[in-house]
file upload03.txt (compact mmCIF, C-alpha atoms)
# COMPACT_ATOMS: atom_id res chain seq x y z
CA MET A 1312 -50.29 -6.70 27.38
CA SER A 1313 -46.58 -6.26 27.99
CA ARG A 1314 -44.55 -9.31 28.82
CA ILE A 1315 -42.34 -9.34 31.88
CA PRO A 1316 -38.71 -10.03 30.92
CA ASP A 1317 -37.50 -13.49 31.79
CA SER A 1318 -34.41 -12.00 33.37
CA LEU A 1319 -36.37 -10.12 36.04
CA PRO A 1320 -37.05 -13.07 38.37
CA ALA A 1321 -33.39 -14.04 38.20
CA THR A 1322 -32.35 -10.48 38.98
CA VAL A 1323 -34.71 -10.28 41.98
CA ALA A 1324 -33.51 -13.67 43.18
CA HIS A 1325 -29.92 -12.57 42.81
CA GLN A 1326 -30.57 -9.41 44.82
CA ALA A 1327 -32.32 -11.42 47.52
CA THR A 1328 -29.38 -13.81 47.65
CA VAL A 1329 -26.91 -10.97 47.93
CA ALA A 1330 -29.02 -9.33 50.65
CA GLY A 1331 -29.21 -12.62 52.50
CA LYS A 1332 -25.43 -12.95 52.41
CA GLN A 1333 -24.82 -9.53 53.95
CA PRO A 1334 -22.92 -9.96 57.20
CA ARG A 1335 -25.08 -9.59 60.25
CA ARG A 1336 -23.71 -7.33 62.93
CA ASN A 1337 -22.77 -9.17 66.09
CA PRO A 1338 -24.45 -7.19 68.91
CA TYR A 1339 -22.18 -8.54 71.63
CA LEU A 1340 -19.01 -7.74 69.63
CA PHE A 1341 -20.34 -4.24 68.96
CA PHE A 1342 -21.03 -3.75 72.68
CA LEU A 1343 -17.59 -5.09 73.61
CA LEU A 1344 -15.76 -2.84 71.15
CA ARG A 1345 -17.77 0.17 72.30
CA ARG A 1346 -16.96 -0.42 75.97
CA ILE A 1347 -13.27 -1.01 75.25
CA GLY A 1348 -13.20 2.24 73.28
CA GLN A 1349 -14.82 4.09 76.17
CA ALA A 1350 -12.31 2.58 78.61
CA LEU A 1351 -9.38 3.69 76.43
CA ILE A 1352 -10.76 7.23 76.29
CA VAL A 1353 -11.07 7.34 80.08
CA ILE A 1354 -7.51 6.01 80.49
CA PHE A 1355 -6.30 8.72 78.08
CA VAL A 1356 -8.05 11.37 80.19
CA VAL A 1357 -6.45 9.91 83.32
CA THR A 1358 -2.98 10.20 81.78
CA VAL A 1359 -3.68 13.83 80.88
CA VAL A 1360 -4.79 14.60 84.45
CA VAL A 1361 -1.74 12.89 85.97
CA PHE A 1362 0.55 14.74 83.54
CA ALA A 1363 -1.11 18.03 84.53
CA LEU A 1364 -0.61 17.20 88.21
CA LEU A 1365 3.04 16.45 87.49
CA GLN A 1366 3.43 19.85 85.87
CA MET A 1367 1.85 21.56 88.87
CA LEU A 1368 4.24 20.05 91.42
CA PRO A 1369 5.91 22.68 93.63
CA GLY A 1370 8.98 23.78 91.71
CA GLY A 1371 8.04 21.67 88.68
CA PRO A 1372 8.61 17.97 87.94
CA ALA A 1373 12.37 18.22 88.50
CA ARG A 1374 11.98 19.61 92.02
CA GLY A 1375 9.29 17.03 92.80
CA VAL A 1376 11.53 14.17 91.70
CA LEU A 1377 14.94 15.36 92.88
CA GLY A 1378 13.76 16.91 96.12
CA VAL A 1379 14.28 20.25 97.80
CA GLN A 1380 18.04 19.78 98.08
CA ALA A 1381 18.60 19.70 94.32
CA THR A 1382 20.78 22.47 92.87
CA ALA A 1383 19.89 24.59 89.86
CA GLU A 1384 22.44 22.68 87.76
CA GLN A 1385 20.91 19.33 88.73
CA ILE A 1386 17.43 20.60 87.89
CA ALA A 1387 18.57 21.92 84.51
CA GLN A 1388 20.29 18.62 83.70
CA PHE A 1389 17.21 16.65 84.75
CA ASN A 1390 14.97 18.81 82.56
CA ARG A 1391 17.25 18.25 79.56
CA GLU A 1392 17.43 14.47 80.11
CA GLN A 1393 13.69 14.05 80.68
CA GLY A 1394 12.59 16.52 78.01
CA TYR A 1395 10.95 18.96 80.42
CA ASP A 1396 12.61 21.89 78.62
CA ARG A 1397 10.55 21.15 75.50
CA PRO A 1398 7.04 22.35 74.58
CA VAL A 1399 4.22 20.95 76.70
CA TRP A 1400 2.78 18.74 73.94
CA GLU A 1401 6.18 17.14 73.37
CA GLN A 1402 6.54 16.61 77.11
CA TYR A 1403 3.19 14.81 77.18
CA LEU A 1404 4.17 12.55 74.29
CA LEU A 1405 7.42 11.68 76.07
CA PHE A 1406 5.48 11.10 79.30
CA LEU A 1407 3.02 8.84 77.46
CA GLY A 1408 5.89 6.91 75.86
CA ARG A 1409 7.48 6.32 79.25
CA LEU A 1410 4.16 5.11 80.66
CA LEU A 1411 3.71 2.66 77.80
CA SER A 1412 7.20 1.30 78.49
CA GLY A 1413 6.40 0.92 82.21
CA ASP A 1414 8.47 3.89 83.42
CA LEU A 1415 6.58 5.79 86.14
CA GLY A 1416 9.51 7.84 87.31
CA GLN A 1417 12.00 7.62 90.18
CA SER A 1418 11.39 7.81 93.91
CA PHE A 1419 14.04 10.01 95.52
CA LEU A 1420 13.27 8.66 99.01
CA LEU A 1421 13.06 4.91 98.31
CA ASN A 1422 16.09 5.04 96.00
CA MET A 1423 14.26 2.92 93.43
CA SER A 1424 11.92 3.37 90.50
CA VAL A 1425 8.24 3.96 91.14
CA THR A 1426 7.44 0.97 88.92
CA ASP A 1427 9.53 -1.35 91.10
CA ALA A 1428 8.01 0.06 94.30
CA ILE A 1429 4.47 -0.45 93.02
CA THR A 1430 5.28 -3.87 91.56
CA GLN A 1431 6.46 -5.04 94.98
CA ARG A 1432 3.42 -3.69 96.84
CA LEU A 1433 0.51 -4.02 94.41
CA PRO A 1434 0.21 -7.86 94.52
CA LYS A 1435 -0.16 -7.71 98.31
CA THR A 1436 -2.92 -5.12 98.06
CA LEU A 1437 -4.66 -7.20 95.39
CA LEU A 1438 -4.42 -10.21 97.70
CA LEU A 1439 -5.95 -8.28 100.59
CA THR A 1440 -8.77 -6.73 98.54
CA GLY A 1441 -9.35 -9.98 96.62
CA LEU A 1442 -9.78 -12.04 99.77
CA SER A 1443 -12.08 -9.40 101.26
CA LEU A 1444 -14.17 -9.35 98.08
CA VAL A 1445 -14.49 -13.13 97.81
CA ILE A 1446 -15.47 -13.52 101.46
CA ALA A 1447 -17.94 -10.64 101.14
CA LEU A 1448 -19.63 -12.20 98.10
CA ILE A 1449 -19.79 -15.65 99.71
CA ILE A 1450 -21.62 -14.15 102.68
CA ALA A 1451 -23.63 -11.34 101.04
CA ILE A 1452 -25.29 -13.32 98.23
CA PRO A 1453 -27.06 -15.94 100.40
CA VAL A 1454 -27.81 -13.32 103.06
CA GLY A 1455 -29.47 -11.06 100.48
CA ILE A 1456 -31.57 -13.93 99.09
CA PHE A 1457 -32.51 -15.03 102.61
CA GLN A 1458 -33.66 -11.49 103.44
CA ALA A 1459 -35.73 -11.31 100.25
CA VAL A 1460 -37.43 -14.63 101.01
CA ARG A 1461 -38.04 -13.58 104.63
CA ARG A 1462 -39.11 -10.05 103.73
CA ASN A 1463 -40.51 -7.92 106.57
CA LYS A 1464 -39.82 -10.68 109.08
CA GLY A 1465 -37.73 -10.37 112.21
CA ALA A 1466 -34.61 -11.80 110.58
CA ASP A 1467 -34.91 -9.36 107.69
CA TYR A 1468 -35.17 -6.35 110.01
CA THR A 1469 -32.25 -7.57 112.13
CA LEU A 1470 -29.92 -8.18 109.17
CA SER A 1471 -30.90 -4.89 107.55
CA THR A 1472 -30.07 -3.02 110.76
CA LEU A 1473 -26.71 -4.76 111.06
CA ALA A 1474 -25.97 -3.96 107.41
CA ILE A 1475 -26.70 -0.27 107.91
CA VAL A 1476 -24.48 -0.15 111.00
CA ALA A 1477 -21.64 -1.99 109.27
CA TYR A 1478 -21.86 0.13 106.13
CA SER A 1479 -21.88 3.36 108.15
CA THR A 1480 -18.90 2.43 110.32
CA PRO A 1481 -15.57 3.93 109.14
CA SER A 1482 -12.90 1.39 108.28
CA PHE A 1483 -10.41 2.68 110.84
CA PHE A 1484 -12.97 2.49 113.66
CA LEU A 1485 -14.07 -1.00 112.57
CA GLY A 1486 -10.46 -2.16 112.45
CA MET A 1487 -9.69 -0.78 115.90
CA LEU A 1488 -12.86 -2.40 117.25
CA LEU A 1489 -11.79 -5.77 115.87
CA ILE A 1490 -8.30 -5.33 117.34
CA MET A 1491 -9.76 -4.51 120.76
CA ILE A 1492 -12.08 -7.54 120.72
CA PHE A 1493 -9.98 -10.27 119.15
CA SER A 1494 -6.43 -9.14 119.98
CA GLN A 1495 -6.56 -7.27 123.27
CA ASN A 1496 -9.58 -8.78 125.04
CA LEU A 1497 -9.77 -12.33 123.68
CA GLY A 1498 -6.13 -12.64 122.57
CA VAL A 1499 -6.98 -15.09 119.78
CA LEU A 1500 -5.69 -13.11 116.77
CA PRO A 1501 -2.57 -10.97 116.25
CA ALA A 1502 -3.06 -7.26 115.68
CA ASN A 1503 -0.25 -6.87 113.13
CA ALA A 1504 -0.53 -7.99 109.52
CA PRO A 1505 2.08 -10.31 107.98
CA GLN A 1506 5.27 -8.52 106.96
CA GLY A 1507 6.51 -10.90 104.26
CA GLU A 1508 8.13 -9.52 101.10
CA THR A 1509 6.35 -11.97 98.81
CA ILE A 1510 2.81 -13.30 98.45
CA ALA A 1511 3.98 -16.73 99.63
CA ALA A 1512 5.49 -15.19 102.76
CA VAL A 1513 2.27 -13.29 103.46
CA LEU A 1514 0.15 -16.43 103.00
CA ALA A 1515 2.48 -18.33 105.30
CA GLU A 1516 0.96 -16.37 108.22
CA PRO A 1517 -2.78 -16.71 107.56
CA GLN A 1518 -3.78 -15.88 111.13
CA ARG A 1519 -2.31 -12.39 110.68
CA LEU A 1520 -4.49 -11.83 107.61
CA ILE A 1521 -7.80 -12.49 109.34
CA LEU A 1522 -8.36 -9.09 110.94
CA PRO A 1523 -7.30 -6.99 107.91
CA VAL A 1524 -9.46 -9.13 105.60
CA LEU A 1525 -12.46 -8.93 107.95
CA THR A 1526 -12.06 -5.14 108.19
CA GLY A 1527 -12.27 -4.91 104.41
CA ALA A 1528 -15.00 -7.54 103.98
CA ILE A 1529 -17.60 -6.41 106.52
CA PRO A 1530 -18.57 -3.12 104.76
CA LEU A 1531 -18.69 -5.00 101.44
CA VAL A 1532 -21.03 -7.61 102.92
CA ALA A 1533 -23.33 -4.84 104.09
CA ASN A 1534 -23.31 -3.15 100.68
CA PHE A 1535 -23.67 -6.23 98.46
CA SER A 1536 -26.34 -7.85 100.64
CA ARG A 1537 -28.57 -4.79 100.30
CA TYR A 1538 -28.29 -4.84 96.52
CA MET A 1539 -28.84 -8.59 96.44
CA ARG A 1540 -31.93 -8.29 98.62
CA SER A 1541 -33.43 -5.55 96.44
CA SER A 1542 -32.74 -7.44 93.21
CA ALA A 1543 -34.07 -10.72 94.59
CA LEU A 1544 -37.27 -9.00 95.74
CA ASP A 1545 -37.84 -7.65 92.22
CA ASN A 1546 -37.30 -11.06 90.66
CA LEU A 1547 -39.51 -12.91 93.16
CA SER A 1548 -42.50 -11.04 91.75
CA GLU A 1549 -41.69 -11.94 88.12
CA ASP A 1550 -43.83 -14.34 86.09
CA TYR A 1551 -41.06 -16.88 85.51
CA ILE A 1552 -40.76 -17.47 89.26
CA ARG A 1553 -44.50 -18.00 89.62
CA THR A 1554 -44.51 -20.29 86.56
CA ALA A 1555 -41.70 -22.40 87.99
CA ARG A 1556 -43.51 -22.67 91.31
CA SER A 1557 -46.81 -23.58 89.64
CA LYS A 1558 -45.09 -26.44 87.81
CA GLY A 1559 -44.17 -27.97 91.14
CA THR A 1560 -40.46 -27.08 91.03
CA PRO A 1561 -38.98 -27.23 94.55
CA PHE A 1562 -38.41 -23.78 96.00
CA ARG A 1563 -34.71 -24.42 96.62
CA LEU A 1564 -34.31 -25.31 92.94
CA VAL A 1565 -36.17 -22.16 91.91
CA LEU A 1566 -33.79 -20.09 94.02
CA SER A 1567 -30.62 -21.72 92.69
CA ARG A 1568 -31.58 -22.08 89.01
CA HIS A 1569 -33.71 -19.02 88.35
CA LEU A 1570 -33.55 -16.40 91.07
CA LEU A 1571 -29.81 -16.44 91.76
CA ARG A 1572 -28.53 -15.75 88.25
CA ASN A 1573 -31.08 -13.04 87.45
CA SER A 1574 -30.50 -11.32 90.79
CA LEU A 1575 -26.72 -11.18 90.42
CA THR A 1576 -26.76 -8.47 87.72
CA PRO A 1577 -26.75 -5.39 90.02
CA VAL A 1578 -24.19 -7.01 92.32
CA VAL A 1579 -21.85 -7.66 89.39
CA ALA A 1580 -22.38 -4.09 88.21
CA MET A 1581 -21.31 -2.87 91.65
CA LEU A 1582 -18.02 -4.79 91.54
CA GLY A 1583 -16.39 -2.40 89.10
CA TYR A 1584 -17.53 0.67 91.00
CA GLN A 1585 -16.33 -0.79 94.30
CA LEU A 1586 -12.68 -0.91 93.17
CA PRO A 1587 -11.83 2.70 94.06
CA VAL A 1588 -13.70 2.27 97.36
CA MET A 1589 -11.76 -0.90 98.08
CA PHE A 1590 -8.42 0.72 97.28
CA GLY A 1591 -9.37 3.67 99.48
CA GLY A 1592 -10.28 1.30 102.27
CA ALA A 1593 -7.03 -0.60 101.75
CA LEU A 1594 -5.11 2.63 102.38
CA VAL A 1595 -6.64 2.90 105.85
CA ILE A 1596 -6.52 -0.84 106.58
CA GLU A 1597 -2.88 -1.22 105.57
CA GLN A 1598 -1.83 1.77 107.65
CA LEU A 1599 -3.82 0.51 110.64
CA PHE A 1600 -2.46 -3.05 110.54
CA ASN A 1601 0.97 -2.08 109.11
CA TYR A 1602 0.35 -4.22 106.04
CA PRO A 1603 3.13 -3.71 103.44
CA GLY A 1604 0.86 -3.06 100.45
CA MET A 1605 0.26 -0.24 98.06
CA GLY A 1606 -1.99 1.63 100.47
CA LEU A 1607 0.84 1.86 103.02
CA LEU A 1608 3.18 2.93 100.19
CA PHE A 1609 0.77 5.73 99.25
CA TRP A 1610 0.42 6.76 102.89
CA SER A 1611 4.20 6.91 103.41
CA ALA A 1612 4.68 8.83 100.16
CA ALA A 1613 2.03 11.36 101.20
CA GLN A 1614 3.73 11.93 104.56
CA SER A 1615 7.17 12.37 102.97
CA SER A 1616 5.94 14.34 99.90
CA ASP A 1617 7.31 11.70 97.54
CA PHE A 1618 5.33 13.08 94.59
CA PRO A 1619 6.41 10.57 91.91
CA VAL A 1620 5.17 7.68 94.05
CA LEU A 1621 1.92 9.50 94.81
CA LEU A 1622 1.20 10.17 91.13
CA GLY A 1623 2.23 6.64 90.17
CA CYS A 1624 -0.20 5.18 92.72
CA VAL A 1625 -2.98 7.48 91.51
CA LEU A 1626 -2.35 6.43 87.92
CA VAL A 1627 -2.32 2.70 88.70
CA ILE A 1628 -5.44 2.88 90.89
CA SER A 1629 -7.29 4.90 88.23
CA ILE A 1630 -6.42 2.46 85.45
CA ALA A 1631 -7.32 -0.51 87.67
CA THR A 1632 -10.69 1.13 88.36
CA VAL A 1633 -11.38 1.62 84.64
CA ILE A 1634 -10.40 -1.98 83.86
CA GLY A 1635 -12.50 -3.27 86.76
CA SER A 1636 -15.51 -1.31 85.54
CA LEU A 1637 -14.98 -2.71 82.03
CA LEU A 1638 -14.80 -6.30 83.28
CA ALA A 1639 -17.90 -5.77 85.44
CA ASP A 1640 -19.84 -4.48 82.43
CA ILE A 1641 -18.73 -7.44 80.30
CA ILE A 1642 -19.76 -9.96 82.96
CA GLN A 1643 -23.03 -8.12 83.47
CA SER A 1644 -23.78 -8.22 79.74
CA VAL A 1645 -23.19 -11.98 79.74
CA LEU A 1646 -25.60 -12.47 82.63
CA ASP A 1647 -28.21 -10.07 81.24
CA PRO A 1648 -28.14 -9.23 77.49
CA ARG A 1649 -30.58 -6.36 78.12
CA THR A 1650 -27.70 -4.34 79.60
CA ARG A 1651 -25.92 -4.11 76.22
CA GLY A 1652 -27.28 -0.65 75.53
CA GLY A 1653 -30.54 -1.85 74.02
CA ILE A 1654 -28.81 -4.28 71.67
CA ALA A 1655 -29.79 -7.90 72.21
call {"tool": "encode", "arguments": {"input": "upload03.txt", "output": "structure tokens"}}
result
Amino acid sequence: MSRIPDSLPATVAHQATVAGKQPRRNPYLFFLLRRIGQALIVIFVVTVVVFALLQMLPGGPARGVLGVQATAEQIAQFNREQGYDRPVWEQYLLFLGRLLSGDLGQSFLLNMSVTDAITQRLPKTLLLTGLSLVIALIIAIPVGIFQAVRRNKGADYTLSTLAIVAYSTPSFFLGMLLIMIFSQNLGVLPANAPQGETIAAVLAEPQRLILPVLTGAIPLVANFSRYMRSSALDNLSEDYIRTARSKGTPFRLVLSRHLLRNSLTPVVAMLGYQLPVMFGGALVIEQLFNYPGMGLLFWSAAQSSDFPVLLGCVLVISIATVIGSLLADIIQSVLDPRTRGGIA
């Protein structure tokens, strides 16, 4: 009978030790890196699209930037300075380099750079959309849970009907309706938004922010409450809810500790996808209430054919949408590890 070498157990033990020391892949880090990579690819595609739009401007980029009054000599000089007389791939690399350095071009109507124009207006739009979003979430989350708990009752039918009406109402009509009720008929709120140059100046007139914020928040309340109701209904039928109730846990505690967190996942997922909708709504709201934000800047640039400002706004809104979607996915993966692409 052959004898097993004494060194074999040691070798097997050594292999087991080495295998045990192999680094274990972090699923959350893998998910995070994957989503960041996807976001960078989308941003790259956005820059290509904006560059293509710039090339397709009437008369080329030089005519779009300098205006219709520019002479042939001015256009030729601009093309030499900006590199638009080079091959297309070199133009794109120069365009990308300018973007990375924060150079979005020059507005020939505002007599300032597009970066400065957007920098002045974007914080005000973020303030308007941020306040609308916060107020919408504060109202929509408890309303959605209340509707789920009172399913198929009178209150549920009433709130669902109001949500459908609010979600179907265009922003401009909703804004005008609010102006007619609270400004013209009741006279309790001003119809014009604050005109301050800074965030502090805008916040110094809070009464002028109420109508623009409400115009942006009401459709969001209708949208988020529907998703919250649907998610809460699904979770109310889960075993963990019944187990918590059978243990004698008060229903209010079940709602706050168990139902709320698990029902927030679809609402959080919607936040990222609502960004372009919110920016689109801000364009109408800012024009309606004369609010000096980025939406009004985009509107004015569209009316005056200020193409550099238009493309700069499109680029910033697109990148903000991608970043918002990325943040929503990250928050959603923290709340529910099952959303990490099957890696938990």
call {"tool": "atom_distance", "arguments": {"input": "upload03.txt", "atom1": "CA of Ile1628 in chain A", "atom2": "CA of Leu1586 in chain A"}}
result
8.5 Å
call {"tool": "atom_distance", "arguments": {"input": "upload03.txt", "atom1": "CA of Leu1405 in chain A", "atom2": "CA of Ala1612 in chain A"}}
result
24.4 Å
call {"tool": "atom_distance", "arguments": {"input": "upload03.txt", "atom1": "CA of Ser1482 in chain A", "atom2": "CA of Ser1611 in chain A"}}
result
18.6 Å
call {"tool": "closest_residue", "arguments": {"input": "upload03.txt", "among": "A:Asn1573, A:Thr1436, A:Asn1496, A:Ser1567", "to": "Gly1591 in chain A", "atoms": "all atoms listed in the file"}}
result
A:Thr1436
call {"tool": "closest_residue", "arguments": {"input": "upload03.txt", "among": "A:Met1367, A:Ile1452, A:Leu1522, A:Ala1528", "to": "Met1491 in chain A", "atoms": "only C-alpha atoms"}}
result
A:Leu1522
call {"tool": "closest_residue", "arguments": {"input": "upload03.txt", "among": "A:Val1565, A:Leu1520, A:Val1513, A:Leu1608", "to": "Pro1501 in chain A", "atoms": "only C-alpha atoms"}}
result
A:Leu1520
call {"tool": "closest_residue", "arguments": {"input": "upload03.txt", "among": "A:Leu1365, A:Asn1601, A:Thr1480, A:Tyr1584", "to": "Val1633 in chain A", "atoms": "all atoms listed in the file"}}
result
A:Tyr1584
call {"tool": "closest_residue", "arguments": {"input": "upload03.txt", "among": "A:Glu1508, A:Ser1548, A:Phe1535, A:Val1399", "to": "Ala1428 in chain A", "atoms": "only C-alpha atoms"}}
result
A:Glu1508
call {"tool": "closest_residue", "arguments": {"input": "upload03.txt", "among": "A:Phe1483, A:Ile1641, A:Leu1621, A:Gln1393", "to": "Arg1409 in chain A", "atoms": "all atoms listed in the file"}}
result
A:Gln1393
call {"tool": "residues_around", "arguments": {"input": "upload03.txt", "residues": "Met1589 in chain A", "least_positions_apart": "5", "cutoff": "9 Å", "atoms": "only C-alpha atoms", "output": "mmCIF file with C-alpha atoms, keeping the file's coordinate frame"}}
result
data_model
loop_
_atom_site.group_PDB
_atom_site.id
_atom_site.type_symbol
_atom_site.label_atom_id
_atom_site.label_comp_id
_atom_site.auth_asym_id
_atom_site.auth_seq_id
_atom_site.Cartn_x
_atom_site.Cartn_y
_atom_site.Cartn_z
ATOM 1 C CA THR A 1440 -8.770 -6.730 98.540
ATOM 2 C CA LEU A 1444 -14.170 -9.350 98.080
ATOM 3 C CA GLY A 1527 -12.270 -4.910 104.410
ATOM 4 C CA LEU A 1531 -18.690 -5.000 101.440
ATOM 5 C CA LEU A 1594 -5.110 2.630 102.380
#
call {"tool": "residues_around", "arguments": {"input": "upload03.txt", "residues": "Leu1582 in chain A", "least_positions_apart": "5", "cutoff": "8 Å", "atoms": "all atoms listed in the file", "output": "PDB file with C-alpha atoms, in the frame of the given file"}}
result
ATOM      1  CA  GLY A1635     -12.500  -3.270  86.760  1.00  0.00           C
ATOM      2  CA  SER A1636     -15.510  -1.310  85.540  1.00  0.00           C
ATOM      3  CA  ALA A1639     -17.900  -5.770  85.440  1.00  0.00           C
TER       4      ALA A1639
END
call {"tool": "residues_near_point", "arguments": {"input": "upload03.txt", "point": "(-37.1, -19.1, 82.0)", "cutoff": "12 Å", "atoms": "only C-alpha atoms", "output": "ChimeraX atom specification"}}
result
/A:1546,1549-1556,1565,1568-1570,1572-1573
call {"tool": "write_last_selection", "arguments": {"input": "upload03.txt", "atoms": "C-alpha atoms", "output": "PDB file, keeping the file's coordinate frame"}}
result
ATOM      1  CA  ASN A1546     -37.300 -11.060  90.660  1.00  0.00           C
ATOM      2  CA  GLU A1549     -41.690 -11.940  88.120  1.00  0.00           C
ATOM      3  CA  ASP A1550     -43.830 -14.340  86.090  1.00  0.00           C
ATOM      4  CA  TYR A1551     -41.060 -16.880  85.510  1.00  0.00           C
ATOM      5  CA  ILE A1552     -40.760 -17.470  89.260  1.00  0.00           C
ATOM      6  CA  ARG A1553     -44.500 -18.000  89.620  1.00  0.00           C
ATOM      7  CA  THR A1554     -44.510 -20.290  86.560  1.00  0.00           C
ATOM      8  CA  ALA A1555     -41.700 -22.400  87.990  1.00  0.00           C
ATOM      9  CA  ARG A1556     -43.510 -22.670  91.310  1.00  0.00           C
ATOM     10  CA  VAL A1565     -36.170 -22.160  91.910  1.00  0.00           C
ATOM     11  CA  ARG A1568     -31.580 -22.080  89.010  1.00  0.00           C
ATOM     12  CA  HIS A1569     -33.710 -19.020  88.350  1.00  0.00           C
ATOM     13  CA  LEU A1570     -33.550 -16.400  91.070  1.00  0.00           C
ATOM     14  CA  ARG A1572     -28.530 -15.750  88.250  1.00  0.00           C
ATOM     15  CA  ASN A1573     -31.080 -13.040  87.450  1.00  0.00           C
TER      16      ASN A1573
END
call {"tool": "residues_near_point", "arguments": {"input": "upload03.txt", "point": "(8.9, 11.7, 76.0)", "cutoff": "12 Å", "atoms": "all atoms listed in the file", "output": "PDB file with C-alpha atoms, in the frame of the given file"}}
result
ATOM      1  CA  PHE A1362       0.550  14.740  83.540  1.00  0.00           C
ATOM      2  CA  ASN A1390      14.970  18.810  82.560  1.00  0.00           C
ATOM      3  CA  ARG A1391      17.250  18.250  79.560  1.00  0.00           C
ATOM      4  CA  GLU A1392      17.430  14.470  80.110  1.00  0.00           C
ATOM      5  CA  GLN A1393      13.690  14.050  80.680  1.00  0.00           C
ATOM      6  CA  GLY A1394      12.590  16.520  78.010  1.00  0.00           C
ATOM      7  CA  TYR A1395      10.950  18.960  80.420  1.00  0.00           C
ATOM      8  CA  ASP A1396      12.610  21.890  78.620  1.00  0.00           C
ATOM      9  CA  ARG A1397      10.550  21.150  75.500  1.00  0.00           C
ATOM     10  CA  PRO A1398       7.040  22.350  74.580  1.00  0.00           C
ATOM     11  CA  VAL A1399       4.220  20.950  76.700  1.00  0.00           C
ATOM     12  CA  TRP A1400       2.780  18.740  73.940  1.00  0.00           C
ATOM     13  CA  GLU A1401       6.180  17.140  73.370  1.00  0.00           C
ATOM     14  CA  GLN A1402       6.540  16.610  77.110  1.00  0.00           C
ATOM     15  CA  TYR A1403       3.190  14.810  77.180  1.00  0.00           C
ATOM     16  CA  LEU A1404       4.170  12.550  74.290  1.00  0.00           C
ATOM     17  CA  LEU A1405       7.420  11.680  76.070  1.00  0.00           C
ATOM     18  CA  PHE A1406       5.480  11.100  79.300  1.00  0.00           C
ATOM     19  CA  LEU A1407       3.020   8.840  77.460  1.00  0.00           C
ATOM     20  CA  GLY A1408       5.890   6.910  75.860  1.00  0.00           C
ATOM     21  CA  ARG A1409       7.480   6.320  79.250  1.00  0.00           C
ATOM     22  CA  LEU A1410       4.160   5.110  80.660  1.00  0.00           C
ATOM     23  CA  LEU A1411       3.710   2.660  77.800  1.00  0.00           C
ATOM     24  CA  SER A1412       7.200   1.300  78.490  1.00  0.00           C
ATOM     25  CA  ASP A1414       8.470   3.890  83.420  1.00  0.00           C
ATOM     26  CA  LEU A1415       6.580   5.790  86.140  1.00  0.00           C
ATOM     27  CA  GLY A1416       9.510   7.840  87.310  1.00  0.00           C
TER      28      GLY A1416
END
call {"tool": "residues_around", "arguments": {"input": "upload03.txt", "residues": "Leu1470 in chain A", "least_positions_apart": "4", "cutoff": "12 Å", "atoms": "all atoms listed in the file", "output": "mmCIF file with C-alpha atoms, keeping the file's coordinate frame"}}
result
data_model
loop_
_atom_site.group_PDB
_atom_site.id
_atom_site.type_symbol
_atom_site.label_atom_id
_atom_site.label_comp_id
_atom_site.auth_asym_id
_atom_site.auth_seq_id
_atom_site.Cartn_x
_atom_site.Cartn_y
_atom_site.Cartn_z
ATOM 1 C CA ALA A 1451 -23.630 -11.340 101.040
ATOM 2 C CA VAL A 1454 -27.810 -13.320 103.060
ATOM 3 C CA GLY A 1455 -29.470 -11.060 100.480
ATOM 4 C CA ILE A 1456 -31.570 -13.930 99.090
ATOM 5 C CA PHE A 1457 -32.510 -15.030 102.610
ATOM 6 C CA GLN A 1458 -33.660 -11.490 103.440
ATOM 7 C CA ALA A 1459 -35.730 -11.310 100.250
ATOM 8 C CA ARG A 1461 -38.040 -13.580 104.630
ATOM 9 C CA ARG A 1462 -39.110 -10.050 103.730
ATOM 10 C CA ASN A 1463 -40.510 -7.920 106.570
ATOM 11 C CA LYS A 1464 -39.820 -10.680 109.080
ATOM 12 C CA GLY A 1465 -37.730 -10.370 112.210
ATOM 13 C CA ALA A 1466 -34.610 -11.800 110.580
ATOM 14 C CA ALA A 1474 -25.970 -3.960 107.410
ATOM 15 C CA ILE A 1475 -26.700 -0.270 107.910
ATOM 16 C CA VAL A 1476 -24.480 -0.150 111.000
ATOM 17 C CA ALA A 1477 -21.640 -1.990 109.270
ATOM 18 C CA TYR A 1478 -21.860 0.130 106.130
ATOM 19 C CA VAL A 1532 -21.030 -7.610 102.920
ATOM 20 C CA ALA A 1533 -23.330 -4.840 104.090
ATOM 21 C CA ASN A 1534 -23.310 -3.150 100.680
ATOM 22 C CA SER A 1536 -26.340 -7.850 100.640
ATOM 23 C CA ARG A 1537 -28.570 -4.790 100.300
ATOM 24 C CA ARG A 1540 -31.930 -8.290 98.620
#
call {"tool": "decode", "arguments": {"input": "upload03.txt", "residues": "range 1629-1634 of chain A", "atoms": "N, CA and C atoms", "output": "short mmCIF file (atom, residue, chain, number, x, y, z; two decimals), in the first residue's frame"}}
result
data_model
loop_
_atom_site.label_atom_id
_atom_site.label_comp_id
_atom_site.auth_asym_id
_atom_site.auth_seq_id
_atom_site.Cartn_x
_atom_site.Cartn_y
_atom_site.Cartn_z
N SER A 1629 -28.29 68.49 -19.73
CA SER A 1629 -28.05 67.07 -20.02
C SER A 1629 -27.12 66.45 -18.99
N ILE A 1630 -26.03 67.15 -18.68
CA ILE A 1630 -25.08 66.63 -17.69
C ILE A 1630 -25.72 66.56 -16.32
N ALA A 1631 -26.52 67.58 -15.96
CA ALA A 1631 -27.21 67.56 -14.67
C ALA A 1631 -28.18 66.39 -14.59
N THR A 1632 -28.83 66.07 -15.71
CA THR A 1632 -29.75 64.93 -15.74
C THR A 1632 -29.01 63.62 -15.52
N VAL A 1633 -27.86 63.47 -16.17
CA VAL A 1633 -27.06 62.24 -16.01
C VAL A 1633 -26.58 62.10 -14.57
N ILE A 1634 -26.09 63.20 -14.00
CA ILE A 1634 -25.62 63.16 -12.61
C ILE A 1634 -26.77 62.88 -11.65
#
